[in-house]
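**Student:** I am sharing structure36.txt, which consists of compact mmCIF, C-alpha atoms and all ligand atoms:
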# COMPACT_ATOMS: atom_id res chain seq x y z
CA MET R 1 94.66 62.71 85.00
CA ILE R 2 95.43 66.42 84.81
CA ARG R 3 92.47 68.12 86.42
CA TYR R 4 91.22 71.49 85.22
CA SER R 5 91.77 72.78 88.74
CA THR R 6 92.86 71.38 92.08
CA GLN R 7 93.88 72.45 95.55
CA ASN R 8 97.47 72.78 96.73
CA ILE R 9 97.98 71.62 100.32
CA ASP R 10 101.46 71.69 101.86
CA ASP R 11 102.95 70.82 105.28
CA GLN R 12 102.34 74.32 106.61
CA ASP R 13 98.62 73.97 105.80
CA ILE R 14 98.46 70.56 107.49
CA GLN R 15 100.23 71.82 110.60
CA SER R 16 97.91 74.80 110.81
CA VAL R 17 94.83 72.54 110.76
CA VAL R 18 96.37 70.10 113.27
CA ASN R 19 97.07 73.00 115.62
CA ALA R 20 93.45 74.09 115.43
CA LEU R 21 92.22 70.52 115.85
CA THR R 22 94.12 70.11 119.10
CA SER R 23 93.26 73.61 120.41
CA ASP R 24 90.34 74.51 122.70
CA PHE R 25 88.15 75.58 119.80
CA LEU R 26 86.81 73.62 116.85
CA THR R 27 84.47 76.44 115.91
CA GLN R 28 84.03 80.11 116.92
CA GLY R 29 87.67 80.36 117.97
CA PRO R 30 90.53 82.81 117.34
CA CYS R 31 91.42 81.62 113.81
CA ILE R 32 88.13 82.98 112.47
CA GLU R 33 88.97 86.58 113.31
CA LYS R 34 92.59 86.20 112.26
CA PHE R 35 91.45 84.85 108.88
CA GLU R 36 89.04 87.77 108.55
CA VAL R 37 91.81 90.27 109.25
CA ALA R 38 94.07 88.50 106.73
CA ILE R 39 91.39 88.69 104.02
CA SER R 40 90.30 92.27 104.63
CA SER R 41 93.87 93.53 104.73
CA TYR R 42 94.81 91.55 101.62
CA VAL R 43 91.96 92.93 99.49
CA GLY R 44 91.99 96.36 101.12
CA ALA R 45 88.47 96.39 102.52
CA GLN R 46 87.70 97.44 106.08
CA TYR R 47 85.69 94.41 107.18
CA ALA R 48 85.42 90.71 106.39
CA SER R 49 83.13 87.92 107.59
CA VAL R 50 84.14 84.36 106.83
CA VAL R 51 81.30 81.90 106.31
CA SER R 52 80.61 78.31 105.28
CA SER R 53 80.57 78.92 101.50
CA ALA R 54 80.31 81.64 98.87
CA THR R 55 76.71 80.57 98.41
CA ALA R 56 76.10 81.40 102.08
CA ALA R 57 78.03 84.65 101.59
CA LEU R 58 75.80 85.66 98.66
CA HIS R 59 72.66 84.77 100.61
CA ILE R 60 73.80 86.79 103.62
CA ALA R 61 74.82 89.74 101.42
CA CYS R 62 71.32 89.80 99.90
CA LYS R 63 69.71 89.56 103.37
CA SER R 64 71.84 92.42 104.69
CA LEU R 65 70.72 94.60 101.78
CA GLY R 66 67.12 93.82 102.67
CA VAL R 67 66.39 91.69 99.60
CA GLY R 68 62.95 90.16 100.01
CA LYS R 69 59.94 89.03 98.05
CA ASP R 70 59.33 92.45 96.51
CA SER R 71 62.93 92.87 95.41
CA ILE R 72 64.48 92.54 91.97
CA VAL R 73 68.03 91.27 91.55
CA TRP R 74 70.02 91.21 88.30
CA THR R 75 73.13 89.27 87.48
CA THR R 76 75.02 87.69 84.58
CA PRO R 77 73.94 84.39 83.02
CA ASN R 78 77.61 83.34 82.77
CA SER R 79 78.06 82.16 86.35
CA PHE R 80 77.48 79.29 88.68
CA ALA R 81 73.81 79.04 89.66
CA ALA R 82 74.64 79.98 93.27
CA THR R 83 74.92 83.63 92.21
CA SER R 84 71.27 83.93 91.28
CA ASN R 85 69.99 81.26 93.70
CA ALA R 86 70.98 83.58 96.56
CA ALA R 87 68.38 86.10 95.40
CA LEU R 88 65.79 83.34 94.98
CA TYR R 89 66.41 82.15 98.57
CA CYS R 90 65.22 85.61 99.64
CA GLY R 91 62.07 85.29 97.53
CA ALA R 92 63.26 87.98 95.09
CA LYS R 93 62.72 88.13 91.36
CA ILE R 94 65.89 87.36 89.38
CA ASP R 95 66.81 88.63 85.94
CA PHE R 96 69.86 88.39 83.69
CA VAL R 97 71.90 90.87 81.66
CA ASP R 98 73.74 89.39 78.69
CA ILE R 99 77.54 89.25 78.55
CA GLU R 100 80.14 90.86 76.28
CA LEU R 101 82.35 88.63 74.13
CA GLN R 102 85.60 90.40 75.06
CA THR R 103 85.59 89.48 78.74
CA TYR R 104 82.64 87.06 79.10
CA ASN R 105 81.46 89.41 81.86
CA LEU R 106 78.15 91.22 82.17
CA CYS R 107 77.97 93.87 79.42
CA VAL R 108 77.61 97.38 80.83
CA ASN R 109 75.99 98.73 77.66
CA LYS R 110 73.29 96.10 77.84
CA LEU R 111 72.95 96.80 81.54
CA GLU R 112 72.34 100.48 80.77
CA GLU R 113 69.81 99.69 78.03
CA LYS R 114 67.95 97.36 80.34
CA LEU R 115 67.94 99.97 83.11
CA ILE R 116 66.49 102.60 80.76
CA ALA R 117 63.73 100.22 79.70
CA SER R 118 63.06 99.09 83.28
CA LYS R 119 62.79 102.64 84.54
CA LYS R 120 59.93 103.26 82.09
CA ASN R 121 58.22 100.10 83.30
CA ASN R 122 58.91 100.86 86.94
CA CYS R 123 60.80 97.63 87.54
CA LEU R 124 64.34 98.77 88.31
CA PRO R 125 66.60 96.31 90.17
CA ASP R 126 67.35 96.71 93.88
CA VAL R 127 70.64 94.82 93.64
CA VAL R 128 73.01 93.98 90.79
CA ILE R 129 75.53 91.15 91.24
CA PRO R 130 78.38 91.40 88.73
CA VAL R 131 80.63 88.30 88.54
CA HIS R 132 84.33 88.73 87.84
CA PHE R 133 84.54 85.78 85.48
CA ALA R 134 87.82 83.83 85.52
CA GLY R 135 89.17 86.51 87.84
CA GLN R 136 88.82 89.42 85.40
CA SER R 137 87.11 92.45 86.89
CA CYS R 138 83.92 93.78 85.40
CA ASN R 139 83.78 97.45 84.42
CA MET R 140 83.03 98.40 88.02
CA LYS R 141 83.35 102.17 87.62
CA LYS R 142 80.56 102.18 85.04
CA ILE R 143 78.40 99.75 87.02
CA HIS R 144 78.85 101.95 90.07
CA GLU R 145 77.86 105.07 88.11
CA LEU R 146 74.73 103.30 86.90
CA GLY R 147 74.04 102.26 90.48
CA GLN R 148 74.16 105.90 91.54
CA THR R 149 71.85 106.95 88.71
CA TYR R 150 69.31 104.15 89.02
CA GLY R 151 69.56 103.48 92.74
CA PHE R 152 70.65 99.88 93.02
CA SER R 153 73.13 98.26 95.42
CA ILE R 154 76.09 96.23 94.18
CA VAL R 155 77.43 92.90 95.42
CA GLU R 156 80.48 91.68 93.53
CA ASP R 157 80.65 87.91 93.14
CA ALA R 158 84.44 87.67 93.31
CA SER R 159 84.45 83.88 93.81
CA HIS R 160 87.02 83.60 90.99
CA ALA R 161 88.92 86.74 91.68
CA LEU R 162 90.97 86.68 94.88
CA GLY R 163 94.29 88.22 93.83
CA GLY R 164 92.92 89.92 90.71
CA THR R 165 93.09 93.69 90.36
CA TYR R 166 91.02 96.56 88.98
CA GLN R 167 92.46 100.06 88.55
CA ASP R 168 95.56 98.99 90.49
CA GLN R 169 93.52 97.95 93.51
CA LYS R 170 92.71 94.44 94.61
CA ILE R 171 89.32 93.08 93.63
CA GLY R 172 87.33 93.09 96.87
CA CYS R 173 88.42 96.55 98.05
CA CYS R 174 84.80 97.55 97.44
CA ALA R 175 85.68 100.94 95.93
CA TYR R 176 82.66 100.55 93.62
CA ALA R 177 80.45 98.11 95.51
CA ASP R 178 78.62 97.64 98.79
CA MET R 179 80.07 94.19 99.31
CA ALA R 180 82.12 91.51 97.58
CA VAL R 181 82.12 87.76 98.17
CA PHE R 182 84.83 85.12 97.73
CA SER R 183 84.73 81.31 97.53
CA PHE R 184 87.25 78.95 99.12
CA HIS R 185 86.04 75.78 97.40
CA PRO R 186 89.06 73.60 96.42
CA VAL R 187 89.01 74.67 92.76
CA LYS R 188 89.14 78.38 93.66
CA MET R 189 92.15 80.63 94.35
CA ILE R 190 92.69 79.44 97.94
CA THR R 191 90.76 76.79 99.80
CA THR R 192 89.24 75.96 103.16
CA GLY R 193 87.54 72.79 101.86
CA GLU R 194 84.22 74.61 101.79
CA GLY R 195 84.14 78.26 102.71
CA GLY R 196 83.57 81.83 101.68
CA ALA R 197 83.87 85.44 102.77
CA ILE R 198 81.99 88.72 102.50
CA VAL R 199 83.99 91.94 102.55
CA THR R 200 82.69 95.49 102.88
CA ASN R 201 83.65 98.99 103.96
CA SER R 202 80.35 99.49 105.79
CA LYS R 203 80.34 98.83 109.54
CA ASP R 204 76.55 98.40 109.50
CA LEU R 205 76.61 95.85 106.70
CA ASP R 206 79.44 93.97 108.38
CA GLU R 207 77.53 93.78 111.67
CA SER R 208 74.47 92.58 109.81
CA ASN R 209 76.50 89.97 107.91
CA LYS R 210 77.90 88.62 111.16
CA ARG R 211 74.42 88.48 112.71
CA PHE R 212 72.93 86.55 109.77
CA ARG R 213 75.85 84.13 109.89
CA SER R 214 74.89 83.07 113.40
CA HIS R 215 71.07 83.03 113.81
CA CYS R 216 70.78 86.81 114.35
CA MET R 217 71.33 86.24 118.06
CA VAL R 218 72.17 89.54 119.78
CA LYS R 219 73.16 90.38 123.33
CA LYS R 220 71.05 93.27 124.64
CA GLU R 221 72.35 95.76 127.16
CA GLY R 222 71.05 95.05 130.65
CA ALA R 223 70.00 91.49 129.80
CA PRO R 224 71.07 88.60 132.07
CA PRO R 225 74.60 87.41 131.29
CA TRP R 226 73.46 84.17 129.60
CA GLU R 227 70.79 85.74 127.47
CA SER R 228 70.83 86.48 123.74
CA THR R 229 67.74 87.32 121.78
CA GLN R 230 67.03 86.45 118.18
CA VAL R 231 66.23 89.70 116.35
CA ASP R 232 65.70 88.36 112.81
CA LEU R 233 65.61 85.03 111.01
CA GLY R 234 69.30 84.13 110.65
CA PHE R 235 71.23 81.00 109.74
CA ASN R 236 74.08 78.83 110.82
CA TYR R 237 76.50 79.77 108.06
CA ARG R 238 79.58 79.60 110.29
CA ILE R 239 82.89 78.23 109.10
CA THR R 240 84.78 75.93 111.47
CA GLU R 241 88.02 76.78 113.23
CA LEU R 242 89.75 73.98 111.29
CA GLN R 243 88.71 75.55 107.99
CA ALA R 244 89.71 79.03 109.13
CA ALA R 245 93.11 77.65 110.20
CA LEU R 246 93.55 76.20 106.70
CA GLY R 247 92.50 79.49 105.12
CA LEU R 248 94.88 81.43 107.32
CA SER R 249 97.75 79.29 106.08
CA GLN R 250 96.55 79.29 102.45
CA ILE R 251 96.22 83.06 102.20
CA THR R 252 99.90 83.54 103.03
CA LYS R 253 100.56 81.91 99.63
CA ILE R 254 98.01 83.78 97.52
CA ASP R 255 100.53 85.99 95.69
CA GLN R 256 102.62 82.95 94.82
CA TYR R 257 99.48 81.14 93.59
CA VAL R 258 98.38 84.07 91.46
CA GLN R 259 101.87 84.42 90.00
CA HIS R 260 101.94 80.72 89.08
CA ARG R 261 98.56 80.99 87.35
CA ARG R 262 99.59 84.15 85.47
CA GLU R 263 102.80 82.53 84.30
CA GLY R 264 100.78 79.49 83.22
CA ALA R 265 98.45 81.76 81.26
CA ARG R 266 101.41 83.47 79.60
CA HIS R 267 102.84 80.09 78.61
CA TYR R 268 99.52 78.95 77.16
CA ARG R 269 99.38 82.12 75.06
CA GLN R 270 102.71 81.21 73.51
CA ILE R 271 102.08 77.53 72.87
CA LEU R 272 98.44 77.82 71.76
CA SER R 273 98.87 80.83 69.48
CA GLU R 274 98.74 78.80 66.24
CA LEU R 275 95.52 76.95 67.04
CA PRO R 276 92.06 77.89 65.72
CA ILE R 277 90.89 79.04 69.13
CA ALA R 278 90.23 82.37 70.84
CA LEU R 279 92.25 83.05 73.99
CA PRO R 280 91.13 85.21 76.90
CA THR R 281 91.64 88.95 76.55
CA GLN R 282 92.32 91.26 79.45
CA SER R 283 90.33 94.46 79.29
CA TYR R 284 90.08 95.37 82.96
CA GLY R 285 92.95 94.98 85.40
CA GLU R 286 95.13 91.95 85.98
CA MET R 287 93.29 88.65 86.01
CA SER R 288 93.70 86.13 88.82
CA TYR R 289 93.29 83.40 86.17
CA HIS R 290 91.02 81.17 88.22
CA LEU R 291 90.14 79.75 84.78
CA PHE R 292 91.78 79.62 81.38
CA VAL R 293 88.95 79.52 78.86
CA ILE R 294 89.57 78.82 75.19
CA ARG R 295 86.88 79.25 72.54
CA LEU R 296 86.68 77.00 69.51
CA ILE R 297 86.39 79.35 66.58
CA GLU R 298 86.10 76.69 63.93
CA GLY R 299 82.38 76.57 64.56
CA SER R 300 80.15 76.78 67.58
CA ASP R 301 79.03 73.24 67.20
CA GLN R 302 77.89 71.32 70.27
CA GLU R 303 78.74 67.93 68.71
CA ARG R 304 82.28 69.00 67.91
CA LYS R 305 82.79 70.32 71.43
CA ILE R 306 81.58 67.06 72.96
CA GLU R 307 84.02 65.18 70.72
CA ILE R 308 86.94 67.41 71.72
CA PHE R 309 86.00 67.17 75.40
CA ARG R 310 85.86 63.36 75.22
CA LYS R 311 89.15 63.06 73.34
CA LEU R 312 90.92 65.26 75.87
CA GLN R 313 89.48 63.15 78.67
CA GLU R 314 90.71 59.96 77.00
CA LYS R 315 94.19 61.46 76.95
CA GLY R 316 93.97 62.25 80.66
CA ILE R 317 93.20 65.93 80.39
CA GLY R 318 90.32 67.14 82.51
CA CYS R 319 88.38 70.05 81.10
CA GLN R 320 85.22 71.78 82.22
CA VAL R 321 82.75 74.24 80.76
CA HIS R 322 82.09 77.51 82.59
CA TYR R 323 79.20 78.18 82.30
CA ARG R 324 75.95 76.95 80.91
CA PRO R 325 73.84 80.13 81.09
CA ILE R 326 72.12 79.90 84.48
CA TYR R 327 68.63 80.45 83.10
CA LEU R 328 68.93 77.35 80.88
CA HIS R 329 68.88 75.07 83.93
CA ASP R 330 65.63 73.13 84.24
CA TYR R 331 64.65 74.89 87.45
CA TYR R 332 64.93 78.31 85.82
CA ALA R 333 62.56 77.23 83.06
CA THR R 334 59.94 76.93 85.82
CA LEU R 335 60.55 80.64 86.48
CA GLY R 336 59.69 81.44 82.87
CA PHE R 337 63.13 81.77 81.25
CA GLU R 338 63.55 80.50 77.72
CA LYS R 339 66.33 79.67 75.32
CA GLY R 340 67.48 82.71 73.37
CA TYR R 341 67.11 85.12 76.30
CA CYS R 342 70.82 86.10 76.37
CA PRO R 343 72.13 85.24 72.89
CA VAL R 344 75.77 86.20 73.49
CA ALA R 345 76.00 84.02 76.62
CA GLU R 346 74.48 81.13 74.66
CA GLU R 347 76.86 81.64 71.74
CA TYR R 348 79.77 81.77 74.17
CA TYR R 349 78.58 78.59 75.93
CA LYS R 350 78.60 76.64 72.68
CA SER R 351 82.29 77.33 72.06
CA ALA R 352 83.89 77.72 75.52
CA LEU R 353 86.15 75.16 77.16
CA SER R 354 88.20 75.62 80.35
CA ILE R 355 91.53 73.84 80.04
CA PRO R 356 93.67 72.98 83.08
CA LEU R 357 95.24 75.85 85.01
CA HIS R 358 96.17 75.55 88.66
CA THR R 359 99.07 76.01 91.04
CA LYS R 360 100.45 72.50 90.62
CA LEU R 361 100.38 72.49 86.82
CA SER R 362 103.88 72.44 85.29
CA SER R 363 104.92 74.00 81.98
CA ASN R 364 105.76 70.47 80.76
CA GLU R 365 102.20 69.40 81.39
CA GLN R 366 101.02 72.50 79.57
CA ASP R 367 103.19 71.55 76.59
CA GLN R 368 101.61 68.08 76.59
CA ILE R 369 98.14 69.62 76.71
CA ALA R 370 98.97 71.92 73.80
CA GLU R 371 100.32 69.04 71.75
CA ILE R 372 97.25 66.88 72.33
CA LEU R 373 94.90 69.77 71.70
CA SER R 374 96.72 70.58 68.50
CA LYS R 375 96.40 66.98 67.27
CA ILE R 376 92.69 66.98 68.04
CA LEU R 377 91.99 70.35 66.44
CA LEU R 378 94.26 70.15 63.40
CA GLY R 379 94.76 66.47 62.81
C1 LIG A 401 82.16 78.69 93.17
C2 LIG A 401 81.24 79.81 92.91
C3 LIG A 401 80.17 80.13 93.75
C4 LIG A 401 79.78 79.27 94.91
O1 LIG A 401 80.82 79.05 95.77
P1 LIG A 401 80.67 77.98 96.95
O2 LIG A 401 81.78 78.40 97.89
O3 LIG A 401 80.89 76.66 96.35
O4 LIG A 401 79.34 78.14 97.55
C5 LIG A 401 79.43 81.26 93.47
N1 LIG A 401 79.69 82.02 92.40
C6 LIG A 401 80.70 81.74 91.55
C7 LIG A 401 80.95 82.64 90.39
C8 LIG A 401 81.50 80.62 91.77
O5 LIG A 401 82.46 80.32 90.90
Can you turn what I pasted into structure tokens?
**Tutor:**
Amino acid sequence: MIRYSTQNIDDQDIQSVVNALTSDFLTQGPCIEKFEVAISSYVGAQYASVVSSATAALHIACKSLGVGKDSIVWTTPNSFAATSNAALYCGAKIDFVDIELQTYNLCVNKLEEKLIASKKNNCLPDVVIPVHFAGQSCNMKKIHELGQTYGFSIVEDASHALGGTYQDQKIGCCAYADMAVFSFHPVKMITTGEGGAIVTNSKDLDESNKRFRSHCMVKKEGAPPWESTQVDLGFNYRITELQAALGLSQITKIDQYVQHRREGARHYRQILSELPIALPTQSYGEMSYHLFVIRLIEGSDQERKIEIFRKLQEKGIGCQVHYRPIYLHDYYATLGFEKGYCPVAEEYYKSALSIPLHTKLSSNEQDQIAEILSKILLG
């Protein structure tokens, strides 16, 4: 079975974890800070906090921005539910801005229209969470300008985008955002098993992020040496030393991983060019290619897509669909969302299929995939 994505663990990774496992620390040890320094210097942000998942990272980011029950958070429907769940954990109201069909990212024109309407109704968002889908940056300059005009904070969900660029800078440098988060789930760009990070250029936000990660326990000046006091309601969102050791080893290979994925994407463009499908377009920066999404242009028919998905599976090719618009999940219906809310995201969902792309995929396997796909689509 060729999976749509998979981790890549080598001897160096294994040795790194074994070293941590036999060290004095299984958690809260030196690998955590080293991993944070490696991430922040790689993406070009001043600070990083590594945590137990990107979901935890998003939750903490919202908490550090003061998101609470009176807050409004907007994001894209074309993401994993964790992006919007983070706002719901804080008791906030969530809303969605439809995507654009060029990049499958949140559409800045629709964002602006929605801001204009919301200003009249006095319900502007406090935070907007753009998602860099498949590792392609959103139009961050424009989103940042709108943030300045309408007074919202920005958290980039860069779960797909470690190694991607925008305006010749790495995604995560936070030039146009308050914070950015990454995921280290095995299907993502690098892995720690489970894990995530929050990066920022704000010392205050970084300190807050680190407090929320660990119960908001703070040492006060003049207090007895054993004493910490809990200053807010925090969490245990720590990552273990073993995971950080794995991440520290994985991140040394990120450029190699990104290069492999980009070459894979280039190869797909050549071998899939004759098929009746739409291939990803790059409008902003260089993609990390966490995903390679094709769209079936012969008709946005759910039945046909199920048939193609099944046939690929039978031939040993694992595909996935990213994403069912978040608000179509059953739980979101209980919040009042209905079908038709973001028509472009729904149209996209009907036709989109992520085909395998990962760091262990060979060009021979890609050729096989293209051949099988061609038989299914044309024959
Ligand atoms: C994977 C993912 C998440 C959640 O990441 P976890 O590390 O699994 O919590 C959030 N947002 C996006 C866009 C993702 O792809």
**Student:** Using all atoms listed in the file, determine which residues fall within 10 Å of ligand LIG 401 (chain A), then list them as a PyMOL selection string.
**Tutor:** chain R and resi 51-59+76+78-86+130-135+156-161+181-188+191-197+290-291+322-323
**Student:** Nearest to R:Glu346: which of R:Ser273, R:Gln256, R:Ser153, R:Gln302 is it, counting all atoms listed in the file?
**Tutor:** R:Gln302
**Student:** When you draw a straight line from atom CA of R:Tyr150 to atom CA of R:Leu124, how long is it in Å?
**Tutor:**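 Going from atom CA of R:Tyr150 over to atom CA of R:Leu124, I get 7.4 Å.
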**Student:** For R:Leu106, which residue among R:Gly264, R:Cys342, R:Met179, R:Glu365 is the nearest when counting all atoms listed in the file?
**Tutor:**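 Closest to R:Leu106 of all the choices is R:Cys342.
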**Student:** Rounded to one decimal, what separation in Å do you get between atom CA of R:Ser214 and atom CA of R:Ser64?
**Tutor:**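 Computing it gives 13.1 Å between the two atoms.
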**Student:** What does the distance between atom CA of R:Gln12 and atom CA of R:Leu242 come to in Å, to one decimal place?
**Tutor:** 13.4 Å
**Student:** Which residues are near R:Glu227? Cut-off 10 Å, only C-alpha atoms, ignore same chain within fewer than 4 positions. Put them as an mmCIF file with C-alpha atoms, in the frame of the given file.
**Tutor:**
data_model
loop_
_atom_site.group_PDB
_atom_site.id
_atom_site.type_symbol
_atom_site.label_atom_id
_atom_site.label_comp_id
_atom_site.auth_asym_id
_atom_site.auth_seq_id
_atom_site.Cartn_x
_atom_site.Cartn_y
_atom_site.Cartn_z
ATOM 1 C CA MET R 217 71.330 86.240 118.060
ATOM 2 C CA VAL R 218 72.170 89.540 119.780
ATOM 3 C CA LYS R 219 73.160 90.380 123.330
ATOM 4 C CA LYS R 220 71.050 93.270 124.640
ATOM 5 C CA GLY R 222 71.050 95.050 130.650
ATOM 6 C CA ALA R 223 70.000 91.490 129.800
#
**Student:** Please determine, counting only C-alpha atoms, which residue among R:Gln28, R:Ser49, R:Gln366, R:Gln148 has the shortest atom-to-atom distance to R:Leu205.
**Tutor:** R:Ser49
**Student:** Ranking R:His260, R:Leu162, R:Lys210, R:Pro343 by minimum distance to R:Lys110 and counting only C-alpha atoms, which one comes first?
**Tutor:**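 Of all the options, R:Pro343 lies closest to R:Lys110.
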**Student:** Here is a test: counting only C-alpha atoms, which residue of R:Asn209, R:Thr75, R:Ser228, R:Ser202 is nearest to R:Asp98?
**Tutor:** R:Thr75
**Student:** Between R:His215, R:Lys93, R:Lys253, R:Arg295, which one has atoms that come closest to R:Tyr237, using all atoms listed in the file?
**Tutor:** R:His215
**Student:** Considering all atoms listed in the file, return as a PyMOL selection string whatever protein or nucleic-acid residues lie within 12 Å of R:Leu146, sequence-local ones (same chain, fewer than 2 positions apart) excluded.
**Tutor:** chain R and resi 108-116+124-125+127-128+139-144+148-154+176-177
**Student:** Considering only C-alpha atoms, return as a VMD selection string whatever protein or nucleic-acid residues lie within 9 Å of R:Glu33, sequence-local ones (same chain, fewer than 2 positions apart) excluded.
**Tutor:** chain R and resid 28 to 31 35 to 38 48 to 50 244
**Student:** What would the file look like if the residues just selected were written as an mmCIF file, keeping the file's coordinate frame with C-alpha atoms?
**Tutor:**
data_model
loop_
_atom_site.group_PDB
_atom_site.id
_atom_site.type_symbol
_atom_site.label_atom_id
_atom_site.label_comp_id
_atom_site.auth_asym_id
_atom_site.auth_seq_id
_atom_site.Cartn_x
_atom_site.Cartn_y
_atom_site.Cartn_z
ATOM 1 C CA GLN R 28 84.030 80.110 116.920
ATOM 2 C CA GLY R 29 87.670 80.360 117.970
ATOM 3 C CA PRO R 30 90.530 82.810 117.340
ATOM 4 C CA CYS R 31 91.420 81.620 113.810
ATOM 5 C CA PHE R 35 91.450 84.850 108.880
ATOM 6 C CA GLU R 36 89.040 87.770 108.550
ATOM 7 C CA VAL R 37 91.810 90.270 109.250
ATOM 8 C CA ALA R 38 94.070 88.500 106.730
ATOM 9 C CA ALA R 48 85.420 90.710 106.390
ATOM 10 C CA SER R 49 83.130 87.920 107.590
ATOM 11 C CA VAL R 50 84.140 84.360 106.830
ATOM 12 C CA ALA R 244 89.710 79.030 109.130
#
**Student:** Please write out, as AutoDock Vina command-line options, where the centre of an axis-aligned box around all listed atoms of stretch 290-299 of chain R lies and how long its edges are, in Å to one decimal, after adding 5 Å on each side.
**Tutor:**
--center_x 87.1 --center_y 78.9 --center_z 76.1 --size_x 19.4 --size_y 14.6 --size_z 34.3
**Student:** List the spatial neighbours of R:Ile254 as a ChimeraX atom specification - criterion: any atom at most 9 Å away, all atoms listed in the file, same-chain residues fewer than 3 positions off excluded.
**Tutor:** /R:162-163,189-190,250-251,257-259
**Student:** Would you pick out the contacts of R:Tyr4 at 8 Å or less, using all atoms listed in the file, so that residues sharing its chain but fewer than 4 positions from it are not included, and give the list as a PyMOL selection string?
**Tutor:** chain R and resi 317-320+354-358
